[in-house]
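Coordinates from model32.cif are shown below (mmCIF, C-alpha atoms and all ligand atoms).
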data_input
loop_
_atom_site.label_atom_id
_atom_site.label_comp_id
_atom_site.auth_asym_id
_atom_site.auth_seq_id
_atom_site.Cartn_x
_atom_site.Cartn_y
_atom_site.Cartn_z
CA MET A 1 -26.28 -25.79 -16.34
CA SER A 2 -28.69 -24.32 -13.83
CA THR A 3 -27.49 -21.61 -11.52
CA THR A 4 -27.38 -23.96 -8.56
CA ASP A 5 -25.67 -27.01 -10.02
CA PRO A 6 -22.66 -27.98 -7.92
CA LEU A 7 -19.23 -27.31 -9.33
CA PRO A 8 -16.14 -29.45 -8.74
CA ILE A 9 -14.92 -27.36 -5.85
CA SER A 10 -13.85 -29.46 -2.93
CA GLU A 11 -16.03 -29.20 0.13
CA ALA A 12 -12.93 -29.32 2.22
CA PHE A 13 -11.70 -26.20 0.45
CA GLU A 14 -15.01 -24.43 1.00
CA ARG A 15 -15.06 -25.34 4.65
CA ALA A 16 -11.51 -24.12 4.95
CA ILE A 17 -12.08 -20.79 3.22
CA ALA A 18 -15.59 -19.87 4.23
CA PRO A 19 -14.72 -18.08 7.47
CA ASP A 20 -11.69 -16.37 6.05
CA ILE A 21 -12.40 -14.69 2.74
CA ARG A 22 -12.97 -11.24 4.27
CA LYS A 23 -9.74 -11.65 6.16
CA THR A 24 -7.76 -12.47 3.04
CA GLY A 25 -5.42 -9.75 1.89
CA LEU A 26 -5.07 -8.71 -1.73
CA SER A 27 -1.81 -9.97 -3.16
CA PRO A 28 0.66 -7.09 -3.50
CA ASP A 29 2.37 -8.79 -6.45
CA PHE A 30 0.40 -6.89 -9.10
CA TRP A 31 0.21 -3.36 -10.46
CA TYR A 32 -2.42 -1.27 -8.70
CA PRO A 33 -3.65 2.25 -9.40
CA LEU A 34 -3.34 4.37 -6.28
CA ALA A 35 -4.41 7.76 -7.65
CA ARG A 36 -5.83 9.53 -10.63
CA ALA A 37 -3.11 11.10 -12.71
CA ARG A 38 -4.92 14.44 -12.81
CA ASN A 39 -4.77 14.66 -9.01
CA LEU A 40 -0.98 14.65 -9.12
CA LYS A 41 0.11 17.93 -10.66
CA PRO A 42 3.69 18.66 -11.73
CA GLY A 43 5.84 19.56 -8.75
CA ARG A 44 3.30 18.16 -6.25
CA VAL A 45 3.20 15.27 -3.77
CA LEU A 46 0.24 13.07 -2.83
CA GLY A 47 -0.05 10.71 0.14
CA VAL A 48 -1.87 7.46 -0.68
CA SER A 49 -1.84 3.93 0.70
CA PHE A 50 -1.98 0.28 -0.26
CA ALA A 51 -3.38 -2.00 2.47
CA GLY A 52 -2.15 0.31 5.20
CA GLU A 53 1.26 0.86 3.58
CA PRO A 54 1.71 4.63 3.23
CA ILE A 55 3.10 5.75 -0.11
CA ALA A 56 4.09 9.22 -1.30
CA LEU A 57 3.50 9.81 -5.00
CA TYR A 58 5.20 12.78 -6.58
CA ARG A 59 5.43 14.24 -10.03
CA THR A 60 8.49 16.08 -11.24
CA ARG A 61 8.09 19.36 -13.09
CA ASP A 62 8.80 17.56 -16.36
CA GLY A 63 5.91 15.16 -15.66
CA GLN A 64 7.54 11.95 -14.40
CA VAL A 65 5.73 10.13 -11.60
CA HIS A 66 7.54 8.39 -8.74
CA ALA A 67 6.52 6.52 -5.59
CA LEU A 68 8.36 6.35 -2.27
CA GLU A 69 7.58 4.94 1.14
CA ASP A 70 5.72 7.77 2.87
CA ARG A 71 7.99 8.24 5.86
CA CYS A 72 11.21 10.10 6.29
CA ALA A 73 14.11 7.92 7.36
CA HIS A 74 15.09 10.64 9.84
CA ARG A 75 12.09 11.09 12.15
CA GLN A 76 9.39 9.08 10.38
CA VAL A 77 7.13 11.98 9.42
CA PRO A 78 5.30 11.58 6.09
CA LEU A 79 7.35 12.50 3.06
CA SER A 80 4.08 13.53 1.44
CA THR A 81 4.42 16.74 3.45
CA GLY A 82 7.65 17.42 1.59
CA VAL A 83 8.48 19.25 -1.63
CA VAL A 84 9.58 18.14 -5.07
CA LYS A 85 13.08 19.22 -5.94
CA ASP A 86 14.19 18.35 -9.48
CA ASP A 87 13.95 14.54 -9.70
CA CYS A 88 13.88 14.17 -5.89
CA LEU A 89 11.59 14.54 -2.91
CA GLN A 90 12.74 16.66 0.01
CA CYS A 91 11.33 16.09 3.48
CA GLY A 92 9.42 19.07 4.83
CA TYR A 93 11.05 18.94 8.29
CA HIS A 94 14.90 19.05 8.19
CA GLY A 95 15.16 18.84 4.42
CA TRP A 96 16.67 15.43 3.81
CA VAL A 97 16.53 14.70 0.09
CA TYR A 98 15.58 11.36 -1.51
CA ASP A 99 15.98 10.38 -5.13
CA HIS A 100 13.24 8.53 -7.01
CA GLY A 101 14.65 5.19 -5.93
CA GLY A 102 14.42 6.23 -2.27
CA ALA A 103 18.16 6.72 -1.64
CA CYS A 104 19.00 9.63 0.62
CA VAL A 105 21.15 11.86 -1.58
CA ASN A 106 21.52 14.95 0.57
CA VAL A 107 21.26 16.03 4.19
CA PRO A 108 21.65 19.82 4.04
CA TYR A 109 23.44 20.11 7.40
CA LEU A 110 25.60 16.96 7.22
CA ASP A 111 29.27 17.54 7.97
CA LYS A 112 31.53 17.12 4.99
CA GLY A 113 32.93 13.62 4.65
CA ARG A 114 30.18 11.92 6.69
CA THR A 115 28.27 9.09 5.07
CA LEU A 116 24.70 9.76 4.00
CA PRO A 117 22.12 7.84 6.05
CA ASN A 118 20.01 5.05 4.62
CA GLY A 119 17.03 6.11 2.57
CA VAL A 120 13.51 4.74 2.19
CA ARG A 121 11.86 2.24 -0.07
CA GLY A 122 11.13 3.24 -3.64
CA TYR A 123 8.42 1.52 -5.67
CA PRO A 124 8.09 0.90 -9.41
CA CYS A 125 5.54 3.43 -10.65
CA ARG A 126 3.82 3.93 -14.01
CA GLU A 127 1.23 6.26 -15.38
CA ALA A 128 -1.39 4.76 -17.69
CA TYR A 129 -5.09 5.15 -18.51
CA GLY A 130 -5.27 8.39 -16.54
CA LEU A 131 -4.15 6.53 -13.39
CA VAL A 132 -0.92 6.23 -11.41
CA PHE A 133 -0.02 2.57 -10.91
CA VAL A 134 2.39 1.33 -8.23
CA PHE A 135 3.89 -2.10 -7.67
CA THR A 136 4.46 -2.75 -3.95
CA GLY A 137 5.14 -6.48 -4.16
CA ASP A 138 7.96 -8.76 -5.24
CA ALA A 139 9.16 -7.74 -8.70
CA ALA A 140 10.37 -11.32 -9.29
CA GLN A 141 6.72 -12.45 -9.37
CA PRO A 142 4.95 -12.79 -12.74
CA GLY A 143 2.49 -10.00 -11.94
CA PHE A 144 5.30 -7.46 -12.35
CA GLY A 145 5.50 -8.22 -16.05
CA GLU A 146 1.74 -8.30 -16.56
CA PHE A 147 0.65 -4.70 -16.72
CA PRO A 148 -3.13 -4.47 -17.26
CA GLN A 149 -4.21 -4.18 -20.88
CA VAL A 150 -7.42 -2.27 -21.60
CA HIS A 151 -7.80 -2.31 -25.35
CA THR A 152 -10.80 -0.04 -25.71
CA PHE A 153 -9.11 2.75 -23.74
CA GLY A 154 -7.86 5.35 -26.20
CA ASN A 155 -9.81 3.74 -29.03
CA PRO A 156 -11.59 6.62 -30.80
CA ALA A 157 -14.69 4.46 -31.17
CA TYR A 158 -15.14 4.65 -27.39
CA ARG A 159 -15.56 7.30 -24.75
CA THR A 160 -14.04 6.57 -21.35
CA ARG A 161 -15.03 7.51 -17.86
CA VAL A 162 -12.37 6.94 -15.22
CA LEU A 163 -13.87 5.59 -12.01
CA ASP A 164 -12.39 6.66 -8.70
CA ARG A 165 -14.24 6.22 -5.45
CA ARG A 166 -13.85 4.88 -1.94
CA VAL A 167 -16.16 2.09 -0.75
CA ALA A 168 -16.21 0.95 2.87
CA CYS A 169 -15.93 -2.80 2.31
CA HIS A 170 -13.46 -5.58 1.70
CA TYR A 171 -12.53 -5.90 -1.98
CA SER A 172 -14.06 -9.39 -2.18
CA PHE A 173 -17.58 -7.94 -1.77
CA MET A 174 -16.95 -5.83 -4.88
CA HIS A 175 -15.91 -8.82 -6.99
CA GLU A 176 -18.90 -10.81 -5.79
CA ASN A 177 -21.34 -7.97 -6.36
CA LEU A 178 -20.38 -7.44 -9.99
CA MET A 179 -20.07 -11.11 -10.84
CA ASP A 180 -23.40 -12.20 -9.36
CA MET A 181 -25.90 -10.72 -11.79
CA ASN A 182 -28.70 -12.39 -9.86
CA HIS A 183 -28.77 -9.16 -7.88
CA GLN A 184 -30.72 -7.25 -10.55
CA PHE A 185 -33.55 -7.11 -8.04
CA LEU A 186 -31.51 -4.51 -6.16
CA HIS A 187 -31.66 -2.27 -9.23
CA ARG A 188 -35.38 -2.77 -9.90
CA ARG A 189 -36.20 0.92 -9.59
CA LEU A 190 -33.64 1.88 -12.22
CA MET A 191 -33.72 -1.21 -14.40
CA GLY A 192 -37.28 -2.50 -14.22
CA ARG A 193 -37.74 -6.25 -13.98
CA ILE A 194 -34.96 -8.28 -15.56
CA ARG A 195 -34.47 -12.01 -15.51
CA THR A 196 -30.84 -13.02 -15.49
CA VAL A 197 -30.05 -15.99 -17.71
CA PHE A 198 -26.85 -17.79 -16.78
CA LEU A 199 -25.12 -19.21 -19.85
CA GLU A 200 -21.67 -20.52 -19.08
CA LEU A 201 -18.90 -20.52 -16.50
CA ARG A 202 -15.20 -20.95 -17.31
CA CYS A 203 -12.64 -21.41 -14.56
CA ALA A 204 -8.86 -21.49 -14.75
CA PRO A 205 -6.16 -20.95 -12.14
CA GLY A 206 -6.50 -17.33 -11.05
CA SER A 207 -9.60 -16.57 -13.09
CA VAL A 208 -13.36 -17.02 -13.28
CA GLU A 209 -15.35 -15.94 -16.31
CA ILE A 210 -19.09 -16.06 -16.68
CA ASP A 211 -21.51 -15.35 -19.53
CA TYR A 212 -25.04 -14.08 -19.02
CA THR A 213 -27.87 -12.84 -21.08
CA PHE A 214 -31.04 -11.18 -19.83
CA GLU A 215 -34.75 -11.19 -20.38
CA ARG A 216 -37.00 -8.30 -19.59
CA VAL A 217 -39.97 -9.57 -17.64
CA GLY A 218 -41.55 -6.26 -16.75
CA GLY A 219 -41.29 -2.54 -17.28
CA ARG A 220 -39.42 -0.80 -20.08
CA GLN A 221 -35.73 -0.63 -20.76
CA PRO A 222 -34.42 2.41 -18.86
CA LEU A 223 -33.29 5.33 -21.01
CA GLY A 224 -29.81 5.49 -19.46
CA GLU A 225 -29.14 1.85 -20.30
CA LYS A 226 -30.57 2.19 -23.80
CA LEU A 227 -28.29 5.16 -24.48
CA MET A 228 -25.27 3.27 -23.21
CA ILE A 229 -25.67 -0.16 -24.75
CA GLY A 230 -28.49 0.14 -27.25
CA ARG A 231 -31.73 -1.75 -27.19
CA ARG A 232 -31.61 -5.09 -25.45
CA ARG A 233 -32.94 -8.15 -27.23
CA HIS A 234 -34.76 -10.96 -25.55
CA ALA A 235 -32.74 -14.08 -25.02
CA PRO A 236 -33.35 -16.35 -27.99
CA GLU A 237 -33.26 -20.11 -28.10
CA PRO A 238 -30.25 -21.55 -26.28
CA GLY A 239 -27.40 -22.38 -28.60
CA VAL A 240 -28.18 -19.70 -31.17
CA SER A 241 -24.95 -17.78 -30.97
CA GLY A 242 -24.61 -14.18 -32.08
CA ARG A 243 -28.34 -13.55 -31.79
CA ARG A 244 -28.54 -12.64 -28.17
CA ASP A 245 -27.13 -9.93 -25.99
CA LEU A 246 -24.14 -11.20 -24.10
CA MET A 247 -22.61 -10.00 -20.85
CA ARG A 248 -19.23 -11.46 -19.91
CA ILE A 249 -17.81 -10.82 -16.45
CA ARG A 250 -14.34 -11.95 -15.57
CA THR A 251 -12.19 -11.83 -12.48
CA GLY A 252 -8.68 -12.33 -13.79
CA TYR A 253 -7.03 -11.90 -10.45
CA PRO A 254 -6.81 -9.21 -9.17
CA TYR A 255 -8.67 -7.26 -11.85
CA GLN A 256 -12.28 -7.51 -12.94
CA THR A 257 -13.87 -6.79 -16.30
CA LEU A 258 -17.40 -6.60 -17.65
CA GLN A 259 -18.14 -6.53 -21.34
CA PHE A 260 -21.52 -6.27 -22.98
CA TRP A 261 -22.26 -7.06 -26.62
CA THR A 262 -25.62 -6.36 -28.16
CA ALA A 263 -26.92 -9.19 -30.30
CA GLY A 264 -25.09 -9.54 -33.58
CA SER A 265 -22.31 -7.04 -32.75
CA ASP A 266 -18.62 -7.94 -32.70
CA ALA A 267 -17.49 -4.90 -30.74
CA PRO A 268 -18.59 -4.52 -27.12
CA ALA A 269 -21.02 -1.70 -26.45
CA LEU A 270 -19.59 -1.49 -22.94
CA ASP A 271 -16.12 -2.49 -21.76
CA LEU A 272 -15.52 -1.99 -18.04
CA TRP A 273 -12.23 -2.57 -16.24
CA ASN A 274 -12.11 -2.37 -12.43
CA VAL A 275 -9.81 -3.00 -9.55
CA TYR A 276 -10.58 -2.65 -5.85
CA VAL A 277 -7.51 -1.52 -3.94
CA PRO A 278 -7.53 -1.91 -0.16
CA GLU A 279 -6.55 1.29 1.62
CA ASP A 280 -6.36 0.23 5.25
CA ARG A 281 -4.39 -2.53 6.92
CA ALA A 282 -7.53 -4.51 7.83
CA GLN A 283 -8.67 -4.12 4.20
CA ARG A 284 -12.19 -3.07 5.10
CA VAL A 285 -12.09 -0.05 2.83
CA ASN A 286 -11.30 -0.25 -0.85
CA HIS A 287 -10.56 2.40 -3.39
CA THR A 288 -12.31 1.40 -6.57
CA PHE A 289 -10.50 2.50 -9.69
CA GLY A 290 -11.77 1.69 -13.12
CA MET A 291 -12.46 2.63 -16.67
CA MET A 292 -15.89 2.54 -18.18
CA ASN A 293 -15.47 2.50 -21.96
CA VAL A 294 -18.70 3.14 -23.86
CA ARG A 295 -18.88 2.66 -27.62
CA LYS A 296 -19.96 5.81 -29.41
CA PRO A 297 -23.10 5.77 -31.51
CA GLY A 298 -22.65 6.18 -35.27
CA ILE A 299 -23.67 9.86 -35.34
CA PRO A 300 -20.58 12.05 -34.71
CA GLY A 301 -20.75 13.99 -31.47
CA LEU A 302 -23.91 12.28 -30.24
CA ILE A 303 -22.04 10.61 -27.39
CA HIS A 304 -21.43 14.04 -25.83
CA LEU A 305 -25.15 14.77 -25.76
CA LEU A 306 -25.95 11.38 -24.29
CA TRP A 307 -23.07 11.38 -21.79
CA PRO A 308 -24.84 13.18 -18.90
CA PHE A 309 -27.67 10.63 -19.04
CA ILE A 310 -25.21 7.74 -19.12
CA ILE A 311 -23.39 9.19 -16.10
CA TRP A 312 -26.65 9.73 -14.23
CA PHE A 313 -27.74 6.15 -14.89
CA THR A 314 -24.43 4.48 -13.99
CA GLU A 315 -24.04 6.63 -10.87
CA GLY A 316 -27.50 5.51 -9.77
CA ILE A 317 -26.60 1.86 -10.24
CA PHE A 318 -23.31 2.32 -8.45
CA ALA A 319 -24.96 4.11 -5.50
CA GLU A 320 -27.22 1.10 -4.99
CA ASP A 321 -24.28 -1.30 -5.21
CA ARG A 322 -22.23 0.76 -2.78
CA TRP A 323 -25.10 0.90 -0.30
CA ILE A 324 -25.56 -2.86 -0.30
CA VAL A 325 -21.89 -3.93 -0.18
CA GLU A 326 -21.25 -1.56 2.69
CA LEU A 327 -24.16 -3.20 4.50
CA GLU A 328 -22.56 -6.59 3.78
CA GLN A 329 -19.34 -5.39 5.38
CA LYS A 330 -21.25 -4.08 8.38
CA ALA A 331 -22.97 -7.44 8.80
CA PHE A 332 -19.59 -9.15 8.67
CA ASP A 333 -18.22 -6.76 11.29
CA ASP A 334 -21.25 -7.14 13.55
CA GLN A 335 -21.20 -10.93 13.27
CA GLY A 336 -17.44 -11.20 13.63
CA GLY A 337 -17.09 -13.50 10.66
CA ASP A 338 -18.44 -14.63 7.33
CA ARG A 339 -21.79 -16.33 7.83
CA ASN A 340 -22.90 -16.10 4.20
CA ASN A 341 -24.95 -18.93 2.81
CA GLU A 342 -23.72 -18.77 -0.76
CA ILE A 343 -25.56 -21.08 -3.13
CA PHE A 344 -24.46 -19.72 -6.51
CA PRO A 345 -21.63 -21.93 -7.82
CA VAL A 346 -20.12 -19.03 -9.73
CA ILE A 347 -19.54 -17.08 -6.54
CA ARG A 348 -18.16 -20.15 -4.81
CA ALA A 349 -15.69 -20.50 -7.68
CA LEU A 350 -14.84 -16.81 -7.40
CA ARG A 351 -14.21 -17.15 -3.68
CA GLU A 352 -11.78 -19.96 -4.37
CA VAL A 353 -9.83 -17.72 -6.74
CA LEU A 354 -9.76 -14.76 -4.36
CA VAL A 355 -8.63 -16.85 -1.42
CA SER A 356 -6.10 -18.97 -3.28
CA GLN A 357 -4.45 -15.92 -4.87
CA GLY A 358 -4.58 -13.73 -1.77
CA VAL A 359 -2.27 -13.38 1.19
CA ALA A 360 -2.69 -13.38 4.95
CA ILE A 361 -3.96 -9.98 5.89
CA ASP A 362 -1.21 -9.24 8.38
CA SER A 363 1.44 -9.76 5.72
CA ALA A 364 -0.46 -7.98 3.00
CA SER A 365 1.23 -4.68 3.59
S1 LIG B 401 12.16 14.27 9.66
FE1 LIG B 401 12.58 14.35 7.57
S2 LIG B 401 14.38 15.47 7.47
FE2 LIG B 401 14.03 15.28 9.56
FE FE B 402 -25.16 -3.93 -9.21
#
With the file now loaded, output its structure as C-alpha cells.
Amino acid sequence: MSTTDPLPISEAFERAIAPDIRKTGLSPDFWYPLARARNLKPGRVLGVSFAGEPIALYRTRDGQVHALEDRCAHRQVPLSTGVVKDDCLQCGYHGWVYDHGGACVNVPYLDKGRTLPNGVRGYPCREAYGLVFVFTGDAAQPGFGEFPQVHTFGNPAYRTRVLDRRVACHYSFMHENLMDMNHQFLHRRLMGRIRTVFLELRCAPGSVEIDYTFERVGGRQPLGEKLMIGRRRHAPEPGVSGRRDLMRIRTGYPYQTLQFWTAGSDAPALDLWNVYVPEDRAQRVNHTFGMMNVRKPGIPGLIHLLWPFIIWFTEGIFAEDRWIVELEQKAFDDQGGDRNNEIFPVIRALREVLVSQGVAIDSAS
C-alpha cells in the first residue's frame, strides 16, 4: 500500500469530524497519570488537574496515595492547601477533615450531636511506574478494569526514563505527531536524511497500529540514536521478515506506544509508552507522561555511560516536536478551527479513533 492510498473511512465521517477533532475531549473513562510519584512526598499534598477538573493528590505518612476533588465542601477553597492527617486530608482554612473517599469525618468546631456536612468527591487512585494514576470517569466502564500494562518497565534488561512535561497543544496533535513518521524532515539536523517506508496499517475499534521501516538517504546515523537502538539497517526487499528494522506505533485509545526492533532481534531496543493528559478545560494544554524503556547493551554498566548521550538526543528530538505541535495549536487558534489538509490515510484513521472514543469537550471534565 502506498502512503496515500484511500482507506475505507467514510467520507461522511471525515466531513463530520474534520472541524471538530481539536474540540474533542479525552474520555475520562480511563486511568491517567496526573503526577510523578516522586513529586508527592509522604505527608504532602499536590494540586493537579484533569481537563480543568481540580484534583488534590495526597500521600499518607505510610506511603498510600489518595485523590480528592480539590475544593473544600465548606467554602470551596482548594484542599491542596490543606494538610495530611493520618489517612485523611484536613482543609487549611477551618480544618474540616475528609477521609480518602472524600467523606467529611470531622468539623473541629461542630456542636455535639449535629450531623457532619457532605464531603467531596474521592477518586480511585493508584501508584505505578513511578506515576500517580487517577480514574475520574465512570468506574462501570471497561477502562476502569484495564490498567495500562508496560511490560518492559522494571525488566532488568531495560533502563527507563519517566517522561513528564507540559506541552501547549491539544492531545490529538501529540498522537498525530508520533504516528506520522513522515515528519522526519523536521528532525533533519539531528537525524540526517531518512526515508520513511510505510509497511502496514492495522485498525480495530479504538486502535490504530502502523509499521514502518526506514532508509538512510543521506548523512550518517546520529550517535545518540546509535547508542539507543543500535545500528540501523537499510530496508531490505519487501516481504523479507525479520531482516529489517521495524518501528511499530500504536494508539490504543487513549494511550500511545512506539516500539523499535533492530533487524533480527526479538526484543525491542526501544519501548515507549505515552499518554497526553489535558490539563485545562478547553484541552489546549496537555501534560505528557510516559516511559521510555531502552534495552541495555550486553556490557554490564555501559548503559550508564551512554545514558547522558541518549537523554541529550531524545531531548533534542522532543524539543523539535514540541515546537512544531505548539505551532499547530497556534494555527488552529488563529484560524478558529481545523483547516488541516490531511492526506495520509494513517492519520485519517487515527482521527477517527480519537473522535469516536472522545467526548464533547464541555462534558469532558
Ligand atoms: S473552607 Fe475548608 S474548612 Fe472552611
Ligand atoms: Fe518527531
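Nearest-residue note for Cys169 of chain A: choosing from A:Gly113, A:Gly336, A:Pro278, A:Pro33, the minimum distance belongs to A:Pro278, counting only C-alpha atoms.
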task: Tell me, in Å to one decimal, how far atom CA of Gly101 of chain A is from atom CA of Gly122 of chain A.
output: 4.6 Å
message: Restricting the calculation to all atoms listed in the file: of A:Ser207, A:Gly298, A:Gly230, A:Tyr32, which residue gets closest to Ser356 of chain A?
response: A:Ser207
field: Gap from atom CA of Pro222 of chain A to atom CA of Thr251 of chain A - Å, one decimal
entry: 27.2 Å
task: Show me which residues sit within 12 Å of ligand FE 402 (chain B) when counting only C-alpha atoms and all ligand atoms, and put them as a PyMOL selection string.
output: chain A and resi 173-188+190-191+258+313-325
Box in all listed atoms of ligand LIG 401 (chain B), axis-aligned, with 4 Å more on each side; write out centre and edge lengths in Å to one decimal as lines of an AutoDock Vina configuration file.
center_x = 13.3
center_y = 14.9
center_z = 8.6
size_x = 10.2
size_y = 9.2
size_z = 10.2
message: Show me which residues are within 6 Å of ligand LIG 401 (chain B) counting all atoms listed in the file, and format the list as a list in words.
response: Cys72, His74, Arg75, Gln76, Val77, Cys91, Tyr93, His94, Gly95 and Trp96 of chain A
